[in-house]
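S.K.: To be precise about what I am sending: the file is called query30.cif and holds mmCIF, C-alpha atoms.
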data_query
#
loop_
_atom_site.group_PDB
_atom_site.id
_atom_site.type_symbol
_atom_site.label_atom_id
_atom_site.label_comp_id
_atom_site.auth_asym_id
_atom_site.auth_seq_id
_atom_site.Cartn_x
_atom_site.Cartn_y
_atom_site.Cartn_z
ATOM 1 C CA MET A 1 -15.816 -26.476 -22.806
ATOM 2 C CA GLU A 2 -16.960 -23.123 -24.272
ATOM 3 C CA SER A 3 -20.397 -23.416 -22.616
ATOM 4 C CA LYS A 4 -18.715 -24.216 -19.301
ATOM 5 C CA ASN A 5 -16.501 -21.125 -19.534
ATOM 6 C CA LEU A 6 -19.508 -19.003 -20.473
ATOM 7 C CA TRP A 7 -21.466 -20.299 -17.508
ATOM 8 C CA GLN A 8 -18.518 -19.550 -15.181
ATOM 9 C CA LEU A 9 -18.366 -16.001 -16.522
ATOM 10 C CA ILE A 10 -22.118 -15.491 -16.112
ATOM 11 C CA SER A 11 -21.976 -16.932 -12.581
ATOM 12 C CA PHE A 12 -19.149 -14.574 -11.661
ATOM 13 C CA TYR A 13 -20.991 -11.474 -12.830
ATOM 14 C CA LEU A 14 -24.253 -12.593 -11.209
ATOM 15 C CA SER A 15 -22.576 -13.278 -7.860
ATOM 16 C CA THR A 16 -20.741 -9.937 -8.016
ATOM 17 C CA THR A 17 -23.981 -8.075 -8.797
ATOM 18 C CA LEU A 18 -25.884 -9.836 -6.016
ATOM 19 C CA ALA A 19 -23.089 -9.113 -3.533
ATOM 20 C CA LEU A 20 -23.137 -5.450 -4.559
ATOM 21 C CA LEU A 21 -26.921 -5.215 -4.134
ATOM 22 C CA ARG A 22 -26.855 -7.019 -0.799
ATOM 23 C CA HIS A 23 -24.222 -4.677 0.603
ATOM 24 C CA LEU A 24 -26.044 -1.665 -0.820
ATOM 25 C CA VAL A 25 -29.271 -2.637 0.946
ATOM 26 C CA LEU A 26 -27.451 -3.287 4.215
ATOM 27 C CA HIS A 27 -25.673 0.067 4.038
ATOM 28 C CA ILE A 28 -28.916 1.913 3.239
ATOM 29 C CA LEU A 29 -30.533 0.348 6.303
ATOM 30 C CA THR A 30 -27.696 1.673 8.466
ATOM 31 C CA LEU A 31 -27.314 5.007 6.674
ATOM 32 C CA ASN A 32 -27.564 7.058 9.842
ATOM 33 C CA GLN A 33 -25.155 4.849 11.778
ATOM 34 C CA SER A 34 -22.175 4.435 9.471
ATOM 35 C CA PRO A 35 -20.009 6.215 6.866
ATOM 36 C CA PHE A 36 -22.359 5.090 4.102
ATOM 37 C CA ILE A 37 -20.935 6.956 1.111
ATOM 38 C CA ILE A 38 -17.304 5.995 1.750
ATOM 39 C CA LYS A 39 -18.287 2.397 2.526
ATOM 40 C CA PHE A 40 -20.159 2.263 -0.751
ATOM 41 C CA MET A 41 -17.150 3.668 -2.626
ATOM 42 C CA ASP A 42 -14.957 1.105 -0.868
ATOM 43 C CA LEU A 43 -17.349 -1.596 -2.047
ATOM 44 C CA ILE A 44 -17.167 -0.321 -5.637
ATOM 45 C CA LEU A 45 -13.376 -0.453 -5.466
ATOM 46 C CA SER A 46 -13.492 -4.034 -4.182
ATOM 47 C CA VAL A 47 -15.748 -4.979 -7.116
ATOM 48 C CA TYR A 48 -13.234 -3.347 -9.459
ATOM 49 C CA PHE A 49 -10.446 -5.428 -7.918
ATOM 50 C CA ARG A 50 -12.539 -8.542 -8.552
ATOM 51 C CA LEU A 51 -12.962 -7.493 -12.185
ATOM 52 C CA CYS A 52 -9.160 -7.318 -12.347
ATOM 53 C CA ASN A 53 -9.079 -11.081 -11.680
ATOM 54 C CA LEU A 54 -8.398 -10.740 -7.940
ATOM 55 C CA SER A 55 -10.145 -12.271 -4.962
ATOM 56 C CA PRO A 56 -9.821 -11.600 -1.220
ATOM 57 C CA CYS A 57 -8.148 -14.210 0.930
ATOM 58 C CA ALA A 58 -7.661 -14.360 4.712
ATOM 59 C CA VAL A 59 -4.634 -16.257 6.037
ATOM 60 C CA ASP A 60 -4.491 -17.164 9.729
ATOM 61 C CA LEU A 61 -0.802 -17.293 10.683
ATOM 62 C CA ASP A 62 -1.589 -18.377 14.237
ATOM 63 C CA ASP A 63 -4.185 -17.686 16.910
ATOM 64 C CA GLN A 64 -3.070 -14.042 17.099
ATOM 65 C CA THR A 65 -2.479 -12.817 13.563
ATOM 66 C CA THR A 66 -4.501 -12.813 10.332
ATOM 67 C CA ILE A 67 -3.277 -11.413 7.026
ATOM 68 C CA HIS A 68 -5.780 -10.324 4.371
ATOM 69 C CA VAL A 69 -4.531 -10.498 0.774
ATOM 70 C CA TRP A 70 -6.030 -9.819 -2.641
ATOM 71 C CA VAL A 71 -4.768 -12.710 -4.788
ATOM 72 C CA THR A 72 -4.800 -13.485 -8.492
ATOM 73 C CA ASN A 73 -7.643 -15.916 -9.221
ATOM 74 C CA HIS A 74 -5.833 -18.107 -11.727
ATOM 75 C CA ARG A 75 -2.066 -17.920 -11.515
ATOM 76 C CA ARG A 76 -0.333 -17.955 -14.870
ATOM 77 C CA PHE A 77 3.112 -19.489 -14.762
ATOM 78 C CA ASP A 78 4.249 -17.482 -17.784
ATOM 79 C CA ARG A 79 3.839 -14.287 -15.726
ATOM 80 C CA PRO A 80 5.995 -13.082 -12.823
ATOM 81 C CA SER A 81 4.439 -12.612 -9.400
ATOM 82 C CA LEU A 82 4.328 -9.094 -7.979
ATOM 83 C CA VAL A 83 3.514 -8.184 -4.380
ATOM 84 C CA MET A 84 2.166 -4.630 -3.949
ATOM 85 C CA ILE A 85 2.511 -3.086 -0.486
ATOM 86 C CA HIS A 86 0.642 0.075 0.440
ATOM 87 C CA GLY A 87 1.564 2.853 2.860
ATOM 88 C CA TYR A 88 -0.440 5.043 5.210
ATOM 89 C CA GLY A 89 -3.403 6.864 3.683
ATOM 90 C CA GLY A 90 -6.050 4.158 3.489
ATOM 91 C CA ASN A 91 -6.232 0.545 2.398
ATOM 92 C CA PRO A 92 -4.769 -0.803 -0.887
ATOM 93 C CA LEU A 93 -8.114 -0.487 -2.682
ATOM 94 C CA TRP A 94 -7.757 3.288 -2.580
ATOM 95 C CA GLN A 95 -3.982 3.493 -2.967
ATOM 96 C CA PHE A 96 -3.624 1.186 -5.971
ATOM 97 C CA VAL A 97 -6.868 1.912 -7.819
ATOM 98 C CA TYR A 98 -5.027 3.590 -10.731
ATOM 99 C CA GLN A 99 -2.475 0.798 -11.068
ATOM 100 C CA VAL A 100 -4.170 -2.512 -10.401
ATOM 101 C CA GLY A 101 -5.824 -2.768 -13.842
ATOM 102 C CA PRO A 102 -2.695 -2.416 -16.014
ATOM 103 C CA LEU A 103 -0.500 -4.373 -13.586
ATOM 104 C CA SER A 104 -2.987 -7.259 -13.376
ATOM 105 C CA ARG A 105 -2.585 -7.794 -17.136
ATOM 106 C CA ARG A 106 1.169 -8.374 -16.807
ATOM 107 C CA PHE A 107 1.617 -9.971 -13.381
ATOM 108 C CA ASN A 108 0.175 -12.433 -10.936
ATOM 109 C CA LEU A 109 -0.710 -9.878 -8.263
ATOM 110 C CA TYR A 110 -0.738 -10.283 -4.493
ATOM 111 C CA ILE A 111 -1.891 -7.190 -2.596
ATOM 112 C CA PRO A 112 -1.914 -7.544 1.191
ATOM 113 C CA ASP A 113 -3.382 -5.288 3.838
ATOM 114 C CA LEU A 114 -0.612 -4.396 6.263
ATOM 115 C CA LEU A 115 -1.338 -5.253 9.875
ATOM 116 C CA PHE A 116 -3.905 -2.877 11.418
ATOM 117 C CA PHE A 117 -4.962 -1.652 7.985
ATOM 118 C CA GLY A 118 -7.936 -3.029 6.099
ATOM 119 C CA LYS A 119 -8.754 -6.513 7.357
ATOM 120 C CA SER A 120 -5.320 -7.621 8.610
ATOM 121 C CA HIS A 121 -4.977 -7.672 12.371
ATOM 122 C CA SER A 122 -2.888 -9.057 15.204
ATOM 123 C CA LYS A 123 -2.997 -9.310 18.980
ATOM 124 C CA SER A 124 0.800 -9.153 19.054
ATOM 125 C CA PRO A 125 2.416 -6.137 20.790
ATOM 126 C CA PHE A 126 5.150 -5.894 18.128
ATOM 127 C CA ARG A 127 5.076 -2.767 15.930
ATOM 128 C CA SER A 128 8.307 -2.955 13.943
ATOM 129 C CA GLU A 129 8.570 -3.170 10.165
ATOM 130 C CA PHE A 130 10.409 -6.468 10.761
ATOM 131 C CA PHE A 131 7.271 -7.958 12.301
ATOM 132 C CA GLN A 132 5.131 -6.667 9.431
ATOM 133 C CA ALA A 133 7.638 -8.143 6.958
ATOM 134 C CA LYS A 134 7.699 -11.540 8.668
ATOM 135 C CA CYS A 135 3.912 -11.735 8.760
ATOM 136 C CA LEU A 136 3.550 -10.825 5.069
ATOM 137 C CA SER A 137 6.300 -13.262 4.072
ATOM 138 C CA ASP A 138 4.722 -16.058 6.100
ATOM 139 C CA GLY A 139 1.294 -15.275 4.677
ATOM 140 C CA LEU A 140 2.541 -15.416 1.090
ATOM 141 C CA LYS A 141 4.306 -18.694 1.774
ATOM 142 C CA ARG A 142 1.094 -20.163 3.213
ATOM 143 C CA ILE A 143 -0.772 -19.465 -0.035
ATOM 144 C CA GLY A 144 1.991 -20.978 -2.160
ATOM 145 C CA VAL A 145 3.754 -17.831 -3.401
ATOM 146 C CA ASP A 146 7.398 -18.853 -3.204
ATOM 147 C CA ARG A 147 9.116 -16.396 -5.592
ATOM 148 C CA TYR A 148 8.047 -12.825 -6.265
ATOM 149 C CA SER A 149 9.134 -9.243 -6.774
ATOM 150 C CA VAL A 150 7.955 -6.499 -4.450
ATOM 151 C CA TYR A 151 6.665 -3.024 -5.285
ATOM 152 C CA ALA A 152 6.000 -0.819 -2.268
ATOM 153 C CA ILE A 153 5.216 2.804 -1.506
ATOM 154 C CA SER A 154 6.160 4.994 1.477
ATOM 155 C CA TYR A 155 5.708 3.037 4.756
ATOM 156 C CA GLY A 156 5.252 -0.104 2.669
ATOM 157 C CA GLY A 157 8.804 0.375 1.424
ATOM 158 C CA PHE A 158 10.149 -0.111 4.955
ATOM 159 C CA VAL A 159 8.289 -3.422 5.109
ATOM 160 C CA ALA A 160 9.357 -4.507 1.598
ATOM 161 C CA TYR A 161 12.999 -3.764 2.388
ATOM 162 C CA ARG A 162 12.868 -6.031 5.436
ATOM 163 C CA MET A 163 11.076 -8.742 3.447
ATOM 164 C CA ALA A 164 13.943 -8.712 0.950
ATOM 165 C CA GLU A 165 16.417 -8.856 3.822
ATOM 166 C CA ILE A 166 14.870 -11.795 5.703
ATOM 167 C CA ARG A 167 13.708 -13.739 2.617
ATOM 168 C CA PRO A 168 16.383 -13.355 -0.090
ATOM 169 C CA ASP A 169 15.366 -16.803 -1.343
ATOM 170 C CA ALA A 170 11.846 -15.547 -2.085
ATOM 171 C CA VAL A 171 12.197 -11.891 -3.102
ATOM 172 C CA GLU A 172 13.622 -11.528 -6.617
ATOM 173 C CA LYS A 173 13.516 -7.759 -7.238
ATOM 174 C CA VAL A 174 12.541 -4.746 -5.155
ATOM 175 C CA ALA A 175 10.884 -1.519 -6.352
ATOM 176 C CA ILE A 176 10.629 1.114 -3.624
ATOM 177 C CA VAL A 177 8.749 4.392 -4.061
ATOM 178 C CA SER A 178 9.425 7.346 -1.759
ATOM 179 C CA SER A 179 10.518 5.428 1.339
ATOM 180 C CA GLY A 180 12.956 7.281 3.597
ATOM 181 C CA LEU A 181 14.967 4.252 4.623
ATOM 182 C CA SER A 182 18.450 5.763 4.653
ATOM 183 C CA TYR A 183 18.791 8.942 6.709
ATOM 184 C CA THR A 184 20.811 10.550 9.462
ATOM 185 C CA ASP A 185 19.367 11.637 12.791
ATOM 186 C CA GLU A 186 20.002 15.242 11.721
ATOM 187 C CA GLN A 187 18.026 14.775 8.487
ATOM 188 C CA ARG A 188 15.120 13.197 10.377
ATOM 189 C CA ASP A 189 15.051 15.957 13.009
ATOM 190 C CA GLN A 190 15.210 18.680 10.355
ATOM 191 C CA GLN A 191 12.324 17.150 8.437
ATOM 192 C CA LEU A 192 10.217 16.884 11.597
ATOM 193 C CA ARG A 193 10.859 20.567 12.270
ATOM 194 C CA THR A 194 9.898 21.419 8.691
ATOM 195 C CA ILE A 195 6.608 19.535 8.936
ATOM 196 C CA GLY A 196 5.911 21.175 12.276
ATOM 197 C CA ARG A 197 3.691 18.480 13.779
ATOM 198 C CA HIS A 198 4.183 14.986 15.116
ATOM 199 C CA PRO A 199 3.919 12.560 12.168
ATOM 200 C CA SER A 200 1.275 10.390 13.849
ATOM 201 C CA GLU A 201 -1.060 13.423 14.007
ATOM 202 C CA ILE A 202 -0.827 13.657 10.226
ATOM 203 C CA LEU A 203 -0.546 9.982 9.263
ATOM 204 C CA VAL A 204 -3.526 9.051 11.443
ATOM 205 C CA PRO A 205 -5.810 12.098 11.071
ATOM 206 C CA LYS A 206 -8.667 12.859 13.447
ATOM 207 C CA LYS A 207 -10.258 15.838 11.703
ATOM 208 C CA PRO A 208 -10.969 16.807 8.084
ATOM 209 C CA ASP A 209 -8.240 19.469 8.146
ATOM 210 C CA ASP A 210 -5.736 16.837 9.316
ATOM 211 C CA LEU A 211 -6.620 14.698 6.302
ATOM 212 C CA ARG A 212 -6.310 17.679 3.968
ATOM 213 C CA LEU A 213 -2.859 18.380 5.396
ATOM 214 C CA LEU A 214 -1.816 14.759 4.817
ATOM 215 C CA VAL A 215 -2.927 14.906 1.190
ATOM 216 C CA ASN A 216 -1.350 18.313 0.583
ATOM 217 C CA LEU A 217 1.952 17.076 1.998
ATOM 218 C CA SER A 218 1.751 13.971 -0.184
ATOM 219 C CA THR A 219 0.963 15.672 -3.502
ATOM 220 C CA PHE A 220 2.642 18.357 -5.592
ATOM 221 C CA LYS A 221 -0.375 19.356 -7.645
ATOM 222 C CA GLU A 222 -3.320 21.028 -5.931
ATOM 223 C CA SER A 223 -5.603 18.385 -4.500
ATOM 224 C CA THR A 224 -9.324 18.297 -5.202
ATOM 225 C CA LEU A 225 -9.659 17.113 -1.608
ATOM 226 C CA ASN A 226 -9.539 20.773 -0.589
ATOM 227 C CA TRP A 227 -13.037 21.097 -2.058
ATOM 228 C CA VAL A 228 -14.503 17.902 -0.599
ATOM 229 C CA PRO A 229 -17.063 18.645 2.142
ATOM 230 C CA ASP A 230 -16.097 17.899 5.725
ATOM 231 C CA PHE A 231 -18.783 15.265 6.257
ATOM 232 C CA LEU A 232 -17.286 13.070 3.528
ATOM 233 C CA LEU A 233 -13.787 13.453 4.962
ATOM 234 C CA ARG A 234 -15.135 12.508 8.392
ATOM 235 C CA GLN A 235 -16.633 9.367 6.866
ATOM 236 C CA PHE A 236 -13.284 8.511 5.263
ATOM 237 C CA ILE A 237 -11.499 9.033 8.595
ATOM 238 C CA THR A 238 -14.042 6.846 10.373
ATOM 239 C CA LEU A 239 -13.638 4.000 7.908
ATOM 240 C CA MET A 240 -9.881 4.157 7.302
ATOM 241 C CA TYR A 241 -8.356 5.470 10.510
ATOM 242 C CA ASP A 242 -10.629 4.914 13.509
ATOM 243 C CA HIS A 243 -10.271 1.144 13.138
ATOM 244 C CA CYS A 244 -7.076 0.184 15.023
ATOM 245 C CA ARG A 245 -6.230 3.873 15.502
ATOM 246 C CA LYS A 246 -4.058 3.146 18.553
ATOM 247 C CA GLU A 247 -2.042 0.514 16.681
ATOM 248 C CA LYS A 248 -1.565 2.731 13.614
ATOM 249 C CA ILE A 249 -0.194 5.494 15.852
ATOM 250 C CA GLU A 250 2.158 3.009 17.525
ATOM 251 C CA LEU A 251 3.490 1.925 14.105
ATOM 252 C CA ALA A 252 4.237 5.544 13.209
ATOM 253 C CA ASP A 253 5.789 6.278 16.604
ATOM 254 C CA TYR A 254 8.072 3.264 16.263
ATOM 255 C CA LEU A 255 9.558 4.589 13.015
ATOM 256 C CA VAL A 256 9.895 8.172 14.234
ATOM 257 C CA GLN A 257 11.629 7.164 17.466
ATOM 258 C CA LYS A 258 14.103 4.842 15.765
ATOM 259 C CA LYS A 259 17.669 6.058 15.598
ATOM 260 C CA ALA A 260 19.287 6.192 12.186
ATOM 261 C CA ASP A 261 20.931 2.887 11.325
ATOM 262 C CA PRO A 262 24.338 3.388 9.661
ATOM 263 C CA ASN A 263 24.561 -0.401 9.306
ATOM 264 C CA LEU A 264 21.318 -0.783 7.370
ATOM 265 C CA HIS A 265 21.461 -4.108 5.561
ATOM 266 C CA VAL A 266 22.592 -3.850 1.933
ATOM 267 C CA LEU A 267 20.146 -5.801 -0.209
ATOM 268 C CA THR A 268 21.495 -8.397 -2.605
ATOM 269 C CA GLN A 269 18.478 -8.047 -4.898
ATOM 270 C CA GLU A 270 18.375 -5.642 -7.812
ATOM 271 C CA THR A 271 16.529 -2.592 -6.498
ATOM 272 C CA LEU A 272 14.678 0.189 -8.284
ATOM 273 C CA ILE A 273 14.281 3.407 -6.294
ATOM 274 C CA ILE A 274 11.557 5.765 -7.536
ATOM 275 C CA TRP A 275 11.021 9.267 -6.184
ATOM 276 C CA GLY A 276 9.004 12.346 -6.976
ATOM 277 C CA ASP A 277 11.240 15.384 -7.318
ATOM 278 C CA GLN A 278 8.766 17.448 -5.276
ATOM 279 C CA ASP A 279 8.397 15.028 -2.346
ATOM 280 C CA LYS A 280 7.615 16.990 0.846
ATOM 281 C CA VAL A 281 7.422 13.921 3.120
ATOM 282 C CA PHE A 282 10.763 12.292 2.315
ATOM 283 C CA PRO A 283 12.951 14.857 0.498
ATOM 284 C CA LEU A 284 14.827 13.814 -2.626
ATOM 285 C CA GLU A 285 18.164 13.753 -0.785
ATOM 286 C CA LEU A 286 16.963 10.577 0.977
ATOM 287 C CA ALA A 287 16.635 8.887 -2.416
ATOM 288 C CA TYR A 288 20.290 9.636 -3.149
ATOM 289 C CA ASN A 289 21.212 8.396 0.344
ATOM 290 C CA LEU A 290 19.530 5.068 -0.360
ATOM 291 C CA GLN A 291 21.078 4.721 -3.807
ATOM 292 C CA ARG A 292 24.585 5.341 -2.423
ATOM 293 C CA HIS A 293 23.938 2.856 0.364
ATOM 294 C CA LEU A 294 22.772 0.077 -1.973
ATOM 295 C CA GLY A 295 25.475 0.697 -4.564
ATOM 296 C CA LYS A 296 25.699 -1.035 -7.920
ATOM 297 C CA ASN A 297 22.583 -3.194 -7.462
ATOM 298 C CA SER A 298 20.351 -0.125 -7.362
ATOM 299 C CA ARG A 299 18.965 2.389 -9.850
ATOM 300 C CA LEU A 300 17.262 5.685 -9.127
ATOM 301 C CA GLU A 301 14.428 7.054 -11.262
ATOM 302 C CA ILE A 302 13.106 10.539 -10.527
ATOM 303 C CA ILE A 303 9.636 11.544 -11.719
ATOM 304 C CA LYS A 304 9.342 15.242 -12.471
ATOM 305 C CA ASN A 305 6.648 17.455 -10.954
ATOM 306 C CA VAL A 306 5.414 14.721 -8.637
ATOM 307 C CA GLY A 307 5.221 14.665 -4.862
ATOM 308 C CA HIS A 308 5.232 11.810 -2.371
ATOM 309 C CA ALA A 309 2.169 10.022 -3.778
ATOM 310 C CA ALA A 310 3.464 9.036 -7.208
ATOM 311 C CA ASN A 311 0.932 6.199 -7.236
ATOM 312 C CA LEU A 312 -1.830 8.832 -7.391
ATOM 313 C CA GLU A 313 -0.145 11.655 -9.298
ATOM 314 C CA SER A 314 1.748 9.662 -11.925
ATOM 315 C CA PRO A 315 0.460 6.057 -11.991
ATOM 316 C CA ASP A 316 1.105 5.521 -15.721
ATOM 317 C CA GLU A 317 4.759 6.539 -15.433
ATOM 318 C CA LEU A 318 5.093 4.389 -12.342
ATOM 319 C CA ASN A 319 3.588 1.388 -14.127
ATOM 320 C CA LYS A 320 6.004 1.797 -17.055
ATOM 321 C CA LEU A 321 8.971 1.821 -14.678
ATOM 322 C CA ILE A 322 7.702 -1.315 -12.911
ATOM 323 C CA PHE A 323 7.071 -3.144 -16.208
ATOM 324 C CA SER A 324 10.534 -2.240 -17.472
ATOM 325 C CA PHE A 325 12.286 -3.155 -14.224
ATOM 326 C CA VAL A 326 10.576 -6.443 -13.407
ATOM 327 C CA ILE A 327 9.929 -7.956 -16.841
ATOM 328 C CA GLY A 328 12.050 -5.822 -19.161
ATOM 329 C CA CYS A 329 9.290 -4.257 -21.239
ATOM 330 C CA SER A 330 7.465 -0.941 -21.463
#
Starting from the file, give its structure as C-alpha cells.
M.R.:
Amino acid sequence: MESKNLWQLISFYLSTTLALLRHLVLHILTLNQSPFIIKFMDLILSVYFRLCNLSPCAVDLDDQTTIHVWVTNHRRFDRPSLVMIHGYGGNPLWQFVYQVGPLSRRFNLYIPDLLFFGKSHSKSPFRSEFFQAKCLSDGLKRIGVDRYSVYAISYGGFVAYRMAEIRPDAVEKVAIVSSGLSYTDEQRDQQLRTIGRHPSEILVPKKPDDLRLLVNLSTFKESTLNWVPDFLLRQFITLMYDHCRKEKIELADYLVQKKADPNLHVLTQETLIIWGDQDKVFPLELAYNLQRHLGKNSRLEIIKNVGHAANLESPDELNKLIFSFVIGCS
C-alpha cells in the first residue's frame, strides 16, 4: 500500500513537471504572437492549484453552456464543502492565489470560472446573475456536490446570493465580501458620479491605465501595479479581458442598468457579510444596507484599512473569518 501511494505521488509530480515543460516550450515557440509572460504566470498558478489538491473539470450543462471548475481531488467527508466564486479582475487563479492553500487544508474546495471568464462559456444570450447562479448550481450538482457553503467576492457575491435563493436545499451558509446587493437608485447614481466613468470601461479595461484605475479603485494601499511596465499590463488585458470582452461588458451593463430592488429576497441561510472600511467601489453604507435587509440571520465584519479587494489586501484575516463562520474555528 505504501509503495502504491509513493508511486502515485511520484507520478503526479512527474506529470505536473512534464505538463509545465510542454506548455513552456509551446509558449516559447509563440513568444512573438501571444502574451507569453502572463500566460506563463497563469500556468504557474494552475500548477499551484494542483499542488493544493485541486484538478480542473469541465462540465457540459447542455449543447450551449460549459462550466469549468477546480475541484478537490479526493473529497473528505469529515470536511465541509466550500464553493469560492470570483469577481471581475481576472480568473480565480489570480483572485484566490493567497487563499486557496490555507482553505484547501480545511475544506473540500470547488472553484468555478463564472461564465465568460476563464474557460466557462455559453452561447446563451442571458446575462443576469440568476443565469450565472443556475449554471453554477447545475454544474455543482452534476459533479455530485449536493451540500455546500458559498464564499464570494464582489460580482461573485451577486451570483452567490442568487444561488442561495434558488437552491436553499443545497446552500448551507453564505459569506459575501464587498458585494453591493442592497442599494437605492440614488446611492447607485451617486456612486457612478463619484467614479466618473461607466463601470464597464473600468471592469473590462482596454488600456494599461484602465487596469491601473481598476486596481487603484479596488485597493486602499498603494498598488505595485503602478510600477508595472505597460507591456505586461497589455499582456494581462489580452489574456484576461479580450476573451469574451463583449459578453463581460454585457454582464456589467446588466447590473448597472438594473433598478434597485426593494423586494430583494431575504435569505434563510446564515450569512456573513465582510467589507473593507475603505471600499471605493461599494461604499461601507451598502454593507449596513444589506445587514439591515437580511436581519437576524446576518453578521457584518468590517476589516480595517482595507479596500474592495480584501482577498488581495487582507487574505489571512479573510480566511480566519471564513474558518470561524463555516466550521466554527480560527
S.K.: For each of A:Lys246, A:His308, A:Arg212, A:Lys207, take the minimum atom-to-atom distance to Phe117 in chain A, counting only C-alpha atoms, then give the residue where this is smallest.
M.R.: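 Once distances to Phe117 in chain A are computed over only C-alpha atoms, the minimum belongs to A:Lys246.
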S.K.: Quick one: distance from CA of Arg292 in chain A to CA of Ile273 in chain A in Å, one decimal?
M.R.: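 A separation of 11.2 Å between them.
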S.K.: Which is closest to Thr65 in chain A among A:Arg50, A:Lys39, A:Lys119, A:Lys304, if we use only C-alpha atoms?
M.R.: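 Once distances to Thr65 in chain A are computed over only C-alpha atoms, the minimum belongs to A:Lys119.
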S.K.: Enter the distance from CA of Met240 in chain A to CA of Gly90 in chain A, in Å, rounded to one decimal.
M.R.: 5.4 Å
S.K.: Exactly which residues make up the result of the PyMOL selection byres ((chain A and resi 94) around 10) on this file, given as a compact mmCIF listing (two decimals) with C-alpha atoms, in the frame of the given file?
M.R.:
# COMPACT_ATOMS: atom_id res chain seq x y z
CA MET A 41 -17.15 3.67 -2.63
CA ASP A 42 -14.96 1.10 -0.87
CA LEU A 45 -13.38 -0.45 -5.47
CA SER A 46 -13.49 -4.03 -4.18
CA HIS A 86 0.64 0.08 0.44
CA GLY A 89 -3.40 6.86 3.68
CA GLY A 90 -6.05 4.16 3.49
CA ASN A 91 -6.23 0.55 2.40
CA PRO A 92 -4.77 -0.80 -0.89
CA LEU A 93 -8.11 -0.49 -2.68
CA GLN A 95 -3.98 3.49 -2.97
CA PHE A 96 -3.62 1.19 -5.97
CA VAL A 97 -6.87 1.91 -7.82
CA TYR A 98 -5.03 3.59 -10.73
CA LEU A 312 -1.83 8.83 -7.39
S.K.: Mind pulling up the distance from CA of Gly295 in chain A to CA of Pro168 in chain A?
M.R.: 17.3 Å
S.K.: Rank A:Ala164, A:Pro229, A:Arg193, A:Glu317 by their smallest atom-to-atom distance to Asp209 in chain A, using all atoms listed in the file, and report the top residue only.
M.R.: A:Pro229
S.K.: Apply the PyMOL selection byres ((chain A and resi 248) around 12) to the file shown and report the selected residues as a PyMOL selection string.
M.R.: chain A and resi 87-90+114-118+121-122+126-128+155+199-205+240-247+249-255
S.K.: I'd like the residues picked by the PyMOL selection byres ((chain A and resi 72-77) around 6) written out as a list in words, using the chain letters and numbers from the file.
M.R.: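 Matching residues under the PyMOL selection byres ((chain A and resi 72-77) around 6) are Asn53, Leu54, Val71, Asp78, Arg79, Asn108 and Leu109 of chain A.
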S.K.: From the set A:Leu181, A:Ile166, A:Leu82, A:Ala133, which residue has the shortest atom-to-atom contact distance to Val100 in chain A, counting all atoms listed in the file?
M.R.: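 With all atoms listed in the file as the atom set, the closest residue is A:Leu82.
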S.K.: Reconstruct N, CA and C atoms of range 127-140 of chain A; output as an mmCIF file, in the frame of the given file.
M.R.:
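What landed in part23.cif:
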data_model
loop_
_atom_site.group_PDB
_atom_site.id
_atom_site.type_symbol
_atom_site.label_atom_id
_atom_site.label_comp_id
_atom_site.auth_asym_id
_atom_site.auth_seq_id
_atom_site.Cartn_x
_atom_site.Cartn_y
_atom_site.Cartn_z
ATOM 1 N N ARG A 127 5.462 -3.817 16.872
ATOM 2 C CA ARG A 127 5.076 -2.767 15.930
ATOM 3 C C ARG A 127 6.176 -2.459 14.910
ATOM 4 N N SER A 128 7.197 -3.255 14.842
ATOM 5 C CA SER A 128 8.307 -2.955 13.943
ATOM 6 C C SER A 128 7.980 -3.362 12.508
ATOM 7 N N GLU A 129 8.724 -2.769 11.562
ATOM 8 C CA GLU A 129 8.570 -3.170 10.165
ATOM 9 C C GLU A 129 9.072 -4.598 9.957
ATOM 10 N N PHE A 130 9.957 -5.076 10.835
ATOM 11 C CA PHE A 130 10.409 -6.468 10.761
ATOM 12 C C PHE A 130 9.237 -7.415 11.003
ATOM 13 N N PHE A 131 8.423 -7.095 12.008
ATOM 14 C CA PHE A 131 7.271 -7.958 12.301
ATOM 15 C C PHE A 131 6.277 -7.941 11.147
ATOM 16 N N GLN A 132 6.006 -6.754 10.604
ATOM 17 C CA GLN A 132 5.131 -6.667 9.431
ATOM 18 C C GLN A 132 5.692 -7.530 8.298
ATOM 19 N N ALA A 133 7.003 -7.407 8.056
ATOM 20 C CA ALA A 133 7.638 -8.143 6.958
ATOM 21 C C ALA A 133 7.541 -9.652 7.160
ATOM 22 N N LYS A 134 7.777 -10.104 8.381
ATOM 23 C CA LYS A 134 7.699 -11.540 8.668
ATOM 24 C C LYS A 134 6.284 -12.064 8.455
ATOM 25 N N CYS A 135 5.300 -11.284 8.908
ATOM 26 C CA CYS A 135 3.912 -11.735 8.760
ATOM 27 C C CYS A 135 3.507 -11.803 7.287
ATOM 28 N N LEU A 136 3.875 -10.788 6.494
ATOM 29 C CA LEU A 136 3.550 -10.825 5.069
ATOM 30 C C LEU A 136 4.264 -11.979 4.379
ATOM 31 N N SER A 137 5.540 -12.167 4.689
ATOM 32 C CA SER A 137 6.300 -13.262 4.072
ATOM 33 C C SER A 137 5.692 -14.610 4.411
ATOM 34 N N ASP A 138 5.338 -14.795 5.677
ATOM 35 C CA ASP A 138 4.722 -16.058 6.100
ATOM 36 C C ASP A 138 3.364 -16.256 5.434
ATOM 37 N N GLY A 139 2.600 -15.172 5.319
ATOM 38 C CA GLY A 139 1.294 -15.275 4.677
ATOM 39 C C GLY A 139 1.401 -15.671 3.217
ATOM 40 N N LEU A 140 2.343 -15.077 2.501
ATOM 41 C CA LEU A 140 2.541 -15.416 1.090
ATOM 42 C C LEU A 140 2.987 -16.861 0.938
#
